[in-house]
$ cat model_39.pdb   # PDB, C-alpha atoms and all ligand atoms
ATOM      1  CA  MET R 858      -6.676  -5.171 -29.143
ATOM      2  CA  ARG R 859      -5.013  -5.002 -25.729
ATOM      3  CA  VAL R 860      -4.790  -1.757 -23.760
ATOM      4  CA  ARG R 861      -1.863  -1.276 -21.398
ATOM      5  CA  SER R 862      -1.238   1.471 -18.855
ATOM      6  CA  GLY R 863       1.237   0.347 -16.179
ATOM      7  CA  GLY R 864       1.373  -3.292 -17.329
ATOM      8  CA  HIS R 865       0.837  -4.605 -13.763
ATOM      9  CA  ASP R 866      -2.112  -6.846 -14.539
ATOM     10  CA  TYR R 867      -1.630 -10.063 -12.551
ATOM     11  CA  GLU R 868      -2.857 -12.219 -15.442
ATOM     12  CA  GLY R 869      -0.996 -10.292 -18.149
ATOM     13  CA  LEU R 870      -4.311  -9.268 -19.745
ATOM     14  CA  SER R 871      -2.867  -5.986 -21.011
ATOM     15  CA  TYR R 872      -0.048  -7.554 -23.018
ATOM     16  CA  SER R 873      -0.980 -11.119 -23.951
ATOM     17  CA  SER R 874      -3.757 -13.026 -25.669
ATOM     18  CA  THR R 875      -4.629 -16.656 -26.268
ATOM     19  CA  LEU R 876      -6.680 -15.647 -29.313
ATOM     20  CA  GLY R 877      -3.782 -15.192 -31.726
ATOM     21  CA  PRO R 878      -2.214 -11.980 -33.079
ATOM     22  CA  PHE R 879      -3.316  -8.738 -31.464
ATOM     23  CA  ILE R 880      -2.589  -5.020 -31.393
ATOM     24  CA  LEU R 881      -1.233  -3.510 -28.186
ATOM     25  CA  LEU R 882      -2.341   0.055 -27.472
ATOM     26  CA  ASP R 883       0.348   1.174 -25.030
ATOM     27  CA  LEU R 884      -0.580   4.272 -23.000
ATOM     28  CA  PHE R 885       2.788   4.299 -21.244
ATOM     29  CA  ASN R 886       3.752   7.740 -22.576
ATOM     30  CA  LEU R 887       0.378   9.385 -21.887
ATOM     31  CA  ARG R 888       1.387  10.381 -18.399
ATOM     32  CA  SER R 889       0.659  14.046 -17.733
ATOM     33  CA  ILE R 890      -0.638  15.008 -14.309
ATOM     34  CA  GLY R 891      -2.396  18.248 -13.405
ATOM     35  CA  ILE R 892      -3.099  19.038  -9.756
ATOM     36  CA  ASP R 893      -5.740  21.634  -8.866
ATOM     37  CA  VAL R 894      -5.443  22.380  -5.171
ATOM     38  CA  THR R 895      -8.402  24.732  -5.076
ATOM     39  CA  SER R 896     -10.865  22.066  -6.189
ATOM     40  CA  ASN R 897      -8.906  19.186  -4.616
ATOM     41  CA  THR R 898      -8.812  17.354  -7.921
ATOM     42  CA  ALA R 899      -6.208  15.963 -10.265
ATOM     43  CA  TRP R 900      -6.351  15.211 -13.987
ATOM     44  CA  VAL R 901      -4.166  12.191 -14.556
ATOM     45  CA  GLN R 902      -3.515  10.465 -17.852
ATOM     46  CA  SER R 903      -3.925   6.724 -17.915
ATOM     47  CA  GLY R 904      -0.243   5.852 -18.397
ATOM     48  CA  ALA R 905       0.989   7.803 -15.364
ATOM     49  CA  THR R 906       2.142   5.652 -12.475
ATOM     50  CA  LEU R 907       1.038   5.851  -8.861
ATOM     51  CA  GLY R 908       4.522   6.983  -7.869
ATOM     52  CA  GLU R 909       4.373   9.847 -10.378
ATOM     53  CA  LEU R 910       0.961  10.892  -9.056
ATOM     54  CA  TYR R 911       2.067  10.772  -5.402
ATOM     55  CA  HIS R 912       5.197  12.749  -6.234
ATOM     56  CA  ALA R 913       3.209  15.397  -8.142
ATOM     57  CA  ILE R 914       0.730  15.751  -5.262
ATOM     58  CA  SER R 915       3.513  16.228  -2.758
ATOM     59  CA  GLU R 916       5.320  18.763  -4.992
ATOM     60  CA  LYS R 917       2.281  20.829  -5.943
ATOM     61  CA  ALA R 918      -0.236  20.424  -3.126
ATOM     62  CA  GLY R 919       2.022  20.096  -0.073
ATOM     63  CA  PRO R 920       2.038  17.774   2.928
ATOM     64  CA  ASN R 921      -1.669  18.037   3.783
ATOM     65  CA  VAL R 922      -2.913  16.469   0.570
ATOM     66  CA  ALA R 923      -2.831  12.808  -0.470
ATOM     67  CA  PHE R 924      -4.544  10.276  -2.723
ATOM     68  CA  PRO R 925      -5.839   7.034  -1.188
ATOM     69  CA  ALA R 926      -4.502   4.526  -3.722
ATOM     70  CA  GLY R 927      -2.174   1.503  -3.743
ATOM     71  CA  VAL R 928       1.308   0.903  -2.399
ATOM     72  CA  CYS R 929       3.414  -0.073  -5.443
ATOM     73  CA  PRO R 930       4.737   3.052  -7.252
ATOM     74  CA  THR R 931       4.975   1.504 -10.721
ATOM     75  CA  VAL R 932       1.312   0.446 -10.964
ATOM     76  CA  GLY R 933      -0.451   2.381 -13.756
ATOM     77  CA  ILE R 934      -3.378   4.686 -13.019
ATOM     78  CA  GLY R 935      -5.471   3.283 -15.916
ATOM     79  CA  GLY R 936      -5.710  -0.311 -14.743
ATOM     80  CA  HIS R 937      -5.480   0.612 -11.065
ATOM     81  CA  LEU R 938      -8.482   2.927 -10.787
ATOM     82  CA  SER R 939     -10.742   0.631 -12.771
ATOM     83  CA  GLY R 940      -9.909  -2.226 -10.398
ATOM     84  CA  GLY R 941     -10.963  -0.803  -7.038
ATOM     85  CA  VAL R 942      -7.694   0.179  -5.402
ATOM     86  CA  LEU R 943      -6.656  -0.609  -1.857
ATOM     87  CA  GLY R 944      -3.904   1.228  -0.040
ATOM     88  CA  THR R 945      -2.767   2.539   3.315
ATOM     89  CA  LEU R 946      -5.547   5.156   3.458
ATOM     90  CA  VAL R 947      -8.354   2.664   2.794
ATOM     91  CA  MET R 948      -9.741   2.748   6.353
ATOM     92  CA  ALA R 949     -10.148   6.513   6.332
ATOM     93  CA  PHE R 950     -11.166   7.082   2.715
ATOM     94  CA  ARG R 951     -12.313   3.687   1.357
ATOM     95  CA  LEU R 952     -11.257   2.560  -2.121
ATOM     96  CA  ALA R 953      -9.752   5.100  -4.505
ATOM     97  CA  ALA R 954     -12.383   4.145  -7.090
ATOM     98  CA  ASP R 955     -15.060   5.271  -4.604
ATOM     99  CA  GLN R 956     -13.189   8.410  -3.740
ATOM    100  CA  VAL R 957     -11.511   9.682  -6.931
ATOM    101  CA  THR R 958     -10.600  12.972  -5.349
ATOM    102  CA  LEU R 959      -7.595  14.189  -3.433
ATOM    103  CA  VAL R 960      -7.959  13.966   0.346
ATOM    104  CA  GLN R 961      -6.753  15.973   3.333
ATOM    105  CA  VAL R 962      -4.260  14.327   5.688
ATOM    106  CA  PRO R 963      -2.389  15.705   8.722
ATOM    107  CA  PRO R 964       1.020  17.290   7.930
ATOM    108  CA  ASN R 965       2.545  14.358   9.799
ATOM    109  CA  VAL R 966       1.214  10.815  10.059
ATOM    110  CA  MET R 967       2.399   7.958  12.284
ATOM    111  CA  VAL R 968       3.742   4.687  10.931
ATOM    112  CA  PHE R 969       4.862   1.578  12.751
ATOM    113  CA  SER R 970       6.311  -1.781  11.961
ATOM    114  CA  ALA R 971       6.372  -4.700  14.416
ATOM    115  CA  SER R 972       7.495  -8.230  13.493
ATOM    116  CA  ARG R 973       6.686 -11.427  15.391
ATOM    117  CA  THR R 974       7.734 -15.005  14.626
ATOM    118  CA  LEU R 975       5.726 -18.138  15.442
ATOM    119  CA  ASN R 976       7.593 -18.467  18.770
ATOM    120  CA  GLN R 977       6.646 -14.900  19.558
ATOM    121  CA  GLY R 978       2.951 -15.648  19.114
ATOM    122  CA  ALA R 979       2.510 -14.672  15.447
ATOM    123  CA  THR R 980      -0.344 -17.165  14.916
ATOM    124  CA  LYS R 981      -2.519 -15.758  17.691
ATOM    125  CA  LEU R 982      -1.682 -12.206  16.619
ATOM    126  CA  VAL R 983      -2.754 -12.858  13.025
ATOM    127  CA  THR R 984      -6.011 -14.362  14.322
ATOM    128  CA  LYS R 985      -6.618 -11.360  16.541
ATOM    129  CA  TRP R 986      -5.757  -8.980  13.674
ATOM    130  CA  GLN R 987      -8.433 -10.586  11.510
ATOM    131  CA  ASN R 988     -10.982  -9.835  14.207
ATOM    132  CA  VAL R 989     -10.042  -6.237  14.906
ATOM    133  CA  ALA R 990      -8.220  -4.663  11.938
ATOM    134  CA  TYR R 991     -11.373  -3.959   9.917
ATOM    135  CA  ASP R 992     -13.104  -2.255  12.821
ATOM    136  CA  LEU R 993     -10.393  -0.108  14.407
ATOM    137  CA  ASP R 994     -10.434   3.666  14.672
ATOM    138  CA  GLY R 995     -11.087   4.860  11.093
ATOM    139  CA  ARG R 996      -7.708   6.614  11.009
ATOM    140  CA  LEU R 997      -5.768   3.410  11.652
ATOM    141  CA  PHE R 998      -4.678   0.998   8.915
ATOM    142  CA  ILE R 999      -2.747  -2.153   9.814
ATOM    143  CA  ARG R1000      -1.633  -4.703   7.247
ATOM    144  CA  ILE R1001       0.270  -7.943   7.731
ATOM    145  CA  VAL R1002       3.046  -9.291   5.553
ATOM    146  CA  LEU R1003       3.759 -12.991   6.176
ATOM    147  CA  VAL R1004       7.127 -14.371   5.066
ATOM    148  CA  PRO R1005       9.128 -17.534   5.770
ATOM    149  CA  ASP R1006      12.042 -16.791   8.108
ATOM    150  CA  GLU R1007      14.511 -18.359  10.546
ATOM    151  CA  ASP R1008      14.323 -17.944  14.314
ATOM    152  CA  GLU R1009      17.310 -17.135  16.542
ATOM    153  CA  LYS R1010      18.273 -20.856  16.606
ATOM    154  CA  GLY R1011      18.170 -21.153  12.819
ATOM    155  CA  ASN R1012      14.879 -23.113  12.799
ATOM    156  CA  LYS R1013      12.347 -22.456  10.062
ATOM    157  CA  THR R1014       9.562 -20.138  11.134
ATOM    158  CA  VAL R1015       7.087 -17.638   9.743
ATOM    159  CA  LYS R1016       7.473 -13.937  10.412
ATOM    160  CA  ALA R1017       4.389 -11.732  10.557
ATOM    161  CA  THR R1018       5.154  -8.053  10.098
ATOM    162  CA  PHE R1019       2.434  -5.627  11.140
ATOM    163  CA  ASN R1020       2.786  -2.382   9.141
ATOM    164  CA  SER R1021       0.594   0.522   9.996
ATOM    165  CA  LEU R1022      -0.320   4.045   9.027
ATOM    166  CA  PHE R1023      -2.229   6.222  11.495
ATOM    167  CA  LEU R1024      -3.644   9.653  10.711
ATOM    168  CA  GLY R1025      -2.912  11.046  14.156
ATOM    169  CA  SER R1026      -0.217  11.436  16.793
ATOM    170  CA  LYS R1027       1.824   8.921  18.794
ATOM    171  CA  ALA R1028       0.082  10.148  21.954
ATOM    172  CA  GLU R1029      -3.222   9.000  20.421
ATOM    173  CA  LEU R1030      -1.927   5.838  18.752
ATOM    174  CA  LEU R1031      -0.355   4.061  21.735
ATOM    175  CA  PRO R1032      -3.462   4.165  24.000
ATOM    176  CA  LEU R1033      -5.634   3.206  21.030
ATOM    177  CA  MET R1034      -3.492   0.141  20.324
ATOM    178  CA  GLY R1035      -3.439  -0.615  24.062
ATOM    179  CA  VAL R1036      -7.223  -0.919  24.012
ATOM    180  CA  SER R1037      -7.856  -2.455  20.572
ATOM    181  CA  PHE R1038      -4.824  -4.674  20.018
ATOM    182  CA  PRO R1039      -2.787  -4.888  23.258
ATOM    183  CA  GLU R1040      -1.462  -8.370  22.362
ATOM    184  CA  LEU R1041       0.858  -6.823  19.749
ATOM    185  CA  GLY R1042       2.721  -5.004  22.536
ATOM    186  CA  LEU R1043       3.391  -1.930  20.417
ATOM    187  CA  ARG R1044       6.189   0.209  21.848
ATOM    188  CA  GLU R1045       7.004   3.845  21.330
ATOM    189  CA  GLU R1046      10.246   2.917  19.563
ATOM    190  CA  ASP R1047       8.319   0.903  16.928
ATOM    191  CA  CYS R1048       6.637   4.130  15.751
ATOM    192  CA  ALA R1049       7.852   6.990  13.585
ATOM    193  CA  GLU R1050       6.307  10.307  12.611
ATOM    194  CA  MET R1051       6.623  11.558   9.034
ATOM    195  CA  SER R1052       4.799  13.265   6.166
ATOM    196  CA  TRP R1053       2.359  11.199   4.089
ATOM    197  CA  ILE R1054       4.728  11.173   1.098
ATOM    198  CA  LYS R1055       7.524   9.797   3.305
ATOM    199  CA  SER R1056       5.100   7.125   4.521
ATOM    200  CA  VAL R1057       4.762   6.015   0.886
ATOM    201  CA  LEU R1058       8.536   5.421   0.866
ATOM    202  CA  TYR R1059       8.341   3.781   4.313
ATOM    203  CA  PHE R1060       5.832   1.175   3.123
ATOM    204  CA  LEU R1061       8.107   0.400   0.183
ATOM    205  CA  GLY R1062      11.115  -0.050   2.467
ATOM    206  CA  TYR R1063      12.868   2.823   0.672
ATOM    207  CA  LEU R1064      13.397   5.032   3.727
ATOM    208  CA  SER R1065      15.836   2.581   5.295
ATOM    209  CA  GLY R1066      17.660   2.632   1.938
ATOM    210  CA  GLY R1067      18.056   6.416   2.241
ATOM    211  CA  LYS R1068      16.023   7.171  -0.902
ATOM    212  CA  ASN R1069      14.001  10.364  -1.346
ATOM    213  CA  GLU R1070      10.675  11.141  -3.037
ATOM    214  CA  SER R1071      12.165  11.465  -6.526
ATOM    215  CA  VAL R1072      12.597   7.669  -6.593
ATOM    216  CA  LEU R1073       8.813   7.490  -7.036
ATOM    217  CA  THR R1074       9.095   8.894 -10.542
ATOM    218  CA  GLU R1075      11.641   6.324 -11.684
ATOM    219  CA  ARG R1076      10.045   3.677 -13.824
ATOM    220  CA  GLY R1077      11.157   0.110 -13.303
ATOM    221  CA  VAL R1078      14.510   0.930 -11.725
ATOM    222  CA  ALA R1079      13.047   1.639  -8.304
ATOM    223  CA  ASP R1080      10.537  -1.179  -8.285
ATOM    224  CA  PRO R1081      11.131  -3.444  -5.273
ATOM    225  CA  PHE R1082       9.076  -6.067  -7.111
ATOM    226  CA  ILE R1083      11.398  -6.019 -10.140
ATOM    227  CA  THR R1084      12.178  -9.710  -9.602
ATOM    228  CA  PRO R1085       9.680 -11.621 -11.752
ATOM    229  CA  PHE R1086       6.926 -13.186  -9.682
ATOM    230  CA  LYS R1087       3.411 -14.557 -10.056
ATOM    231  CA  ALA R1088       0.768 -13.209  -7.732
ATOM    232  CA  LYS R1089      -2.956 -13.356  -7.260
ATOM    233  CA  SER R1090      -5.136 -10.965  -5.360
ATOM    234  CA  ASP R1091      -8.401 -11.871  -3.674
ATOM    235  CA  PHE R1092     -10.499 -11.144  -0.616
ATOM    236  CA  VAL R1093     -10.723 -13.474   2.370
ATOM    237  CA  ARG R1094     -14.441 -14.046   2.816
ATOM    238  CA  ASN R1095     -14.232 -16.185   5.956
ATOM    239  CA  LEU R1096     -11.707 -15.747   8.740
ATOM    240  CA  VAL R1097      -8.750 -18.134   8.572
ATOM    241  CA  SER R1098      -8.879 -20.195  11.781
ATOM    242  CA  GLU R1099      -5.942 -20.252  14.197
ATOM    243  CA  GLN R1100      -5.292 -23.851  13.163
ATOM    244  CA  GLY R1101      -5.365 -22.823   9.488
TER     245      GLY R1101
HETATM  246  C1  LIG R1201       3.605  -5.292  -7.840
HETATM  247  C2  LIG R1201       2.129  -4.984  -7.758
HETATM  248  C3  LIG R1201       1.653  -4.270  -6.661
HETATM  249  C4  LIG R1201       0.293  -3.944  -6.562
HETATM  250  N1  LIG R1201      -0.144  -3.228  -5.476
HETATM  251  C5  LIG R1201      -1.455  -2.909  -5.378
HETATM  252  C6  LIG R1201      -1.950  -2.159  -4.258
HETATM  253  O1  LIG R1201      -1.206  -1.784  -3.350
HETATM  254  N2  LIG R1201      -3.279  -1.895  -4.215
HETATM  255  C7  LIG R1201      -4.140  -2.302  -5.195
HETATM  256  O2  LIG R1201      -5.334  -2.007  -5.107
HETATM  257  N3  LIG R1201      -3.698  -3.013  -6.265
HETATM  258  C8  LIG R1201      -2.392  -3.322  -6.369
HETATM  259  N4  LIG R1201      -1.951  -4.053  -7.446
HETATM  260  C9  LIG R1201      -2.926  -4.483  -8.457
HETATM  261  C10 LIG R1201      -3.048  -3.415  -9.556
HETATM  262  O3  LIG R1201      -3.758  -2.299  -9.040
HETATM  263  C11 LIG R1201      -3.839  -3.990 -10.753
HETATM  264  O4  LIG R1201      -3.152  -5.096 -11.271
HETATM  265  C12 LIG R1201      -4.063  -2.924 -11.826
HETATM  266  O5  LIG R1201      -5.071  -3.371 -12.707
HETATM  267  C13 LIG R1201      -2.786  -2.607 -12.596
HETATM  268  O6  LIG R1201      -2.981  -1.488 -13.420
HETATM  269  P1  LIG R1201      -1.925  -1.182 -14.584
HETATM  270  O7  LIG R1201      -2.418  -0.020 -15.374
HETATM  271  O8  LIG R1201      -0.543  -1.122 -14.029
HETATM  272  O9  LIG R1201      -1.993  -2.545 -15.396
HETATM  273  P2  LIG R1201      -2.305  -2.901 -16.915
HETATM  274  O10 LIG R1201      -1.793  -4.305 -17.029
HETATM  275  O11 LIG R1201      -1.768  -1.899 -17.863
HETATM  276  O12 LIG R1201      -3.898  -2.855 -16.959
HETATM  277  C14 LIG R1201      -4.723  -3.708 -16.161
HETATM  278  C15 LIG R1201      -6.065  -3.958 -16.878
HETATM  279  O13 LIG R1201      -6.723  -2.709 -17.115
HETATM  280  C16 LIG R1201      -6.879  -2.495 -18.537
HETATM  281  N5  LIG R1201      -6.596  -1.081 -18.797
HETATM  282  C17 LIG R1201      -5.454  -0.406 -18.526
HETATM  283  N6  LIG R1201      -5.581   0.880 -18.872
HETATM  284  C18 LIG R1201      -6.833   1.025 -19.388
HETATM  285  C19 LIG R1201      -7.562   2.123 -19.941
HETATM  286  N7  LIG R1201      -7.043   3.337 -20.020
HETATM  287  N8  LIG R1201      -8.820   1.895 -20.379
HETATM  288  C20 LIG R1201      -9.372   0.657 -20.300
HETATM  289  N9  LIG R1201      -8.735  -0.414 -19.782
HETATM  290  C21 LIG R1201      -7.478  -0.234 -19.336
HETATM  291  C22 LIG R1201      -5.879  -3.426 -19.204
HETATM  292  O14 LIG R1201      -6.272  -3.778 -20.523
HETATM  293  C23 LIG R1201      -5.887  -4.618 -18.253
HETATM  294  O15 LIG R1201      -7.007  -5.439 -18.484
HETATM  295  C24 LIG R1201      -0.602  -4.374  -7.574
HETATM  296  C25 LIG R1201      -0.121  -5.112  -8.661
HETATM  297  C26 LIG R1201       1.226  -5.412  -8.759
HETATM  298  C27 LIG R1201       1.721  -6.208  -9.930
END
$ encode --input "model_39.pdb" --output "structure tokens" --more "lines below"
Ligand SMILES: Cc1cc2nc3c(=O)[nH]c(=O)nc-3n(C[C@H](O)[C@H](O)[C@H](O)COP(=O)(O)OP(=O)(O)OC[C@H]3O[C@@H](n4cnc5c(N)ncnc54)[C@H](O)[C@@H]3O)c2cc1C
Amino acid sequence: MRVRSGGHDYEGLSYSSTLGPFILLDLFNLRSIGIDVTSNTAWVQSGATLGELYHAISEKAGPNVAFPAGVCPTVGIGGHLSGGVLGTLVMAFRLAADQVTLVQVPPNVMVFSASRTLNQGATKLVTKWQNVAYDLDGRLFIRIVLVPDEDEKGNKTVKATFNSLFLGSKAELLPLMGVSFPELGLREEDCAEMSWIKSVLYFLGYLSGGKNESVLTERGVADPFITPFKAKSDFVRNLVSEQG
């Protein structure tokens, strides 16, 4: 028997088997969500998605409440929570599986996005990031997305995009970055202030597409990862050298 919640297992464990015929117990429609703001808890059925949970929190608990789980809105709660769960609030609240309670966030958080190509020093920046990102101010999360790109002359390059969420103000963030990670050269215009639920859309790239929070409750349609792909998730145990 296979059990499926959101169906986002990287190895397809929830919907395939090499052992011959099997039964699939699909929890897709078990998706109710109850938010209790007085106890800061939520009862969430296994088949609900992260997007549905985030949307329900924002609707019922307001801008000061969040849940520190993953980025992709169509991941299912059932498989997600049992697997650890890393997201933009991991520095402040650790893994969702450790936390499993709603958390308090400021009514507005800061986000920034800064991209650098190889010519703009991306390699050294990624090396520096490895050395500082885990040990920054506990309110500051910075991730890197590395993608192949072309530079201004049309030559192949790699673009490193530094995406961040900070549980504080711009006035606090800029000096903090100036001390901890000055090489990135973060500017005021790279930063934006918004509610936590908007930051969920920001990390998905939905804000630039003019979408609002209700997109988080759409299943499949809204998924930026709708194009089939194969992925693997692991932890880097040793720093990747600059040469690497
Ligand atoms: C596009 C994408 C983005 C992702 N982003 C993040 C991220 O930002 N952060 C992060 O931490 N992870 C992320 N992940 C990984 C994701 O959290 C895991 O793959 C998770 O296990 C998926 O849960 P699911 O319910 O959607 O998957 P499913 O495939 O339904 O389930 C995954 C596993 O859990 C089992 N399972 C599901 N429900 C139950 C249940 N109720 N009881 C017992 N077992 C159950 C299944 O049998 C299967 O083995 C991402 C994955 C994808 C594909």
$ closest_atom_pairs --input "model_39.pdb" --of "chain R" --to "ligand LIG 1201 (chain R)" --cutoff "7 Å" --atoms "only C-alpha atoms and all ligand atoms" --output "JSON lines"
{"residue": "R:Arg859", "atom": "CA", "partner": "R:LIG1201", "partner_atom": "O14", "distance": 5.5}
{"residue": "R:Val860", "atom": "CA", "partner": "R:LIG1201", "partner_atom": "O14", "distance": 4.1}
{"residue": "R:Arg861", "atom": "CA", "partner": "R:LIG1201", "partner_atom": "O11", "distance": 3.6}
{"residue": "R:Ser862", "atom": "CA", "partner": "R:LIG1201", "partner_atom": "O11", "distance": 3.6}
{"residue": "R:Gly863", "atom": "CA", "partner": "R:LIG1201", "partner_atom": "O8", "distance": 3.2}
{"residue": "R:Gly864", "atom": "CA", "partner": "R:LIG1201", "partner_atom": "O10", "distance": 3.3}
{"residue": "R:His865", "atom": "CA", "partner": "R:LIG1201", "partner_atom": "O8", "distance": 3.8}
{"residue": "R:Asp866", "atom": "CA", "partner": "R:LIG1201", "partner_atom": "O10", "distance": 3.6}
{"residue": "R:Tyr867", "atom": "CA", "partner": "R:LIG1201", "partner_atom": "O4", "distance": 5.4}
{"residue": "R:Gly869", "atom": "CA", "partner": "R:LIG1201", "partner_atom": "O10", "distance": 6.1}
{"residue": "R:Leu870", "atom": "CA", "partner": "R:LIG1201", "partner_atom": "O15", "distance": 4.8}
{"residue": "R:Ser871", "atom": "CA", "partner": "R:LIG1201", "partner_atom": "O14", "distance": 4.1}
{"residue": "R:Ser903", "atom": "CA", "partner": "R:LIG1201", "partner_atom": "N7", "distance": 5.1}
{"residue": "R:Gly904", "atom": "CA", "partner": "R:LIG1201", "partner_atom": "O7", "distance": 7.0}
{"residue": "R:Ala926", "atom": "CA", "partner": "R:LIG1201", "partner_atom": "N2", "distance": 6.6}
{"residue": "R:Gly927", "atom": "CA", "partner": "R:LIG1201", "partner_atom": "O1", "distance": 3.4}
{"residue": "R:Val928", "atom": "CA", "partner": "R:LIG1201", "partner_atom": "O1", "distance": 3.8}
{"residue": "R:Cys929", "atom": "CA", "partner": "R:LIG1201", "partner_atom": "C3", "distance": 4.7}
{"residue": "R:Thr931", "atom": "CA", "partner": "R:LIG1201", "partner_atom": "O8", "distance": 6.9}
{"residue": "R:Val932", "atom": "CA", "partner": "R:LIG1201", "partner_atom": "O8", "distance": 3.9}
{"residue": "R:Gly933", "atom": "CA", "partner": "R:LIG1201", "partner_atom": "O7", "distance": 3.5}
{"residue": "R:Ile934", "atom": "CA", "partner": "R:LIG1201", "partner_atom": "O7", "distance": 5.3}
{"residue": "R:Gly935", "atom": "CA", "partner": "R:LIG1201", "partner_atom": "N6", "distance": 3.8}
{"residue": "R:Gly936", "atom": "CA", "partner": "R:LIG1201", "partner_atom": "O6", "distance": 3.3}
{"residue": "R:His937", "atom": "CA", "partner": "R:LIG1201", "partner_atom": "C12", "distance": 3.9}
{"residue": "R:Ser939", "atom": "CA", "partner": "R:LIG1201", "partner_atom": "O13", "distance": 6.8}
{"residue": "R:Gly940", "atom": "CA", "partner": "R:LIG1201", "partner_atom": "O5", "distance": 5.5}
{"residue": "R:Gly941", "atom": "CA", "partner": "R:LIG1201", "partner_atom": "O2", "distance": 6.1}
{"residue": "R:Val942", "atom": "CA", "partner": "R:LIG1201", "partner_atom": "O2", "distance": 3.2}
{"residue": "R:Leu943", "atom": "CA", "partner": "R:LIG1201", "partner_atom": "O2", "distance": 3.8}
{"residue": "R:Gly944", "atom": "CA", "partner": "R:LIG1201", "partner_atom": "O1", "distance": 5.2}
{"residue": "R:Phe1082", "atom": "CA", "partner": "R:LIG1201", "partner_atom": "C1", "distance": 5.6}
$ closest_residue --input "model_39.pdb" --among "R:Asn921, R:Ser970, R:Ser1090, R:Thr1074" --to "Glu1046 (chain R)" --atoms "only C-alpha atoms"
R:Ser970
$ residues_around --input "model_39.pdb" --residues "region 1014-1017 of chain R" --least-positions-apart "6" --cutoff "9 Å" --atoms "all atoms listed in the file" --output "ChimeraX atom specification"
/R:971-976,979-980,982-983,1001-1008
$ atom_distance --input "model_39.pdb" --atom1 "CA of Asn988 (chain R)" --atom2 "CA of Leu1030 (chain R)"
18.7 Å
$ atom_distance --input "model_39.pdb" --atom1 "CA of Asn897 (chain R)" --atom2 "CA of Leu910 (chain R)"
13.6 Å
$ resolve_selection --input "model_39.pdb" --expression "the PyMOL selection byres (((chain R and resi 996) around 12) and not hetatm)" --output "VMD selection string"
chain R and resid 945 to 951 962 to 963 966 to 968 990 to 995 997 to 999 1021 to 1026 1029 to 1030 1033
$ closest_residue --input "model_39.pdb" --among "R:Val1057, R:Ala954, R:Ala899, R:Val1072" --to "Ala918 (chain R)" --atoms "only C-alpha atoms"
R:Ala899
$ resolve_selection --input "model_39.pdb" --expression "the PyMOL selection byres (((chain R and resi 893) around 12) and not hetatm)" --output "number ranges by chain"
R: 890-892, 894-901, 913-914, 917-919, 922, 958-959
$ resolve_selection --input "model_39.pdb" --expression "the PyMOL selection byres (((chain R and resi 1043) around 10) and not hetatm)" --output "PyMOL selection string"
chain R and resi 969-971+1030-1032+1034-1035+1038-1042+1044-1048
$ closest_residue --input "model_39.pdb" --among "R:Ser1037, R:Asn965, R:Asn1020, R:Glu1099" --to "Val989 (chain R)" --atoms "all atoms listed in the file"
R:Ser1037
$ closest_residue --input "model_39.pdb" --among "R:Glu1050, R:Arg1000, R:Glu916, R:Asp955" --to "Trp986 (chain R)" --atoms "only C-alpha atoms"
R:Arg1000
$ closest_residue --input "model_39.pdb" --among "R:Glu909, R:Asn1069, R:Thr875, R:Phe1060" --to "Ser889 (chain R)" --atoms "only C-alpha atoms"
R:Glu909
$ atom_distance --input "model_39.pdb" --atom1 "CA of Pro1085 (chain R)" --atom2 "CA of Ser874 (chain R)"
19.4 Å
$ closest_residue --input "model_39.pdb" --among "R:Leu884, R:Ala953, R:Met858, R:Leu938" --to "Pro925 (chain R)" --atoms "only C-alpha atoms"
R:Ala953
$ axis_aligned_box --input "model_39.pdb" --around "region 936-947 of chain R" --padding-each-side "4 Å" --output "lines of an AutoDock Vina configuration file"
center_x = -6.9
center_y = 1.5
center_z = -5.6
size_x = 16.2
size_y = 15.4
size_z = 26.2
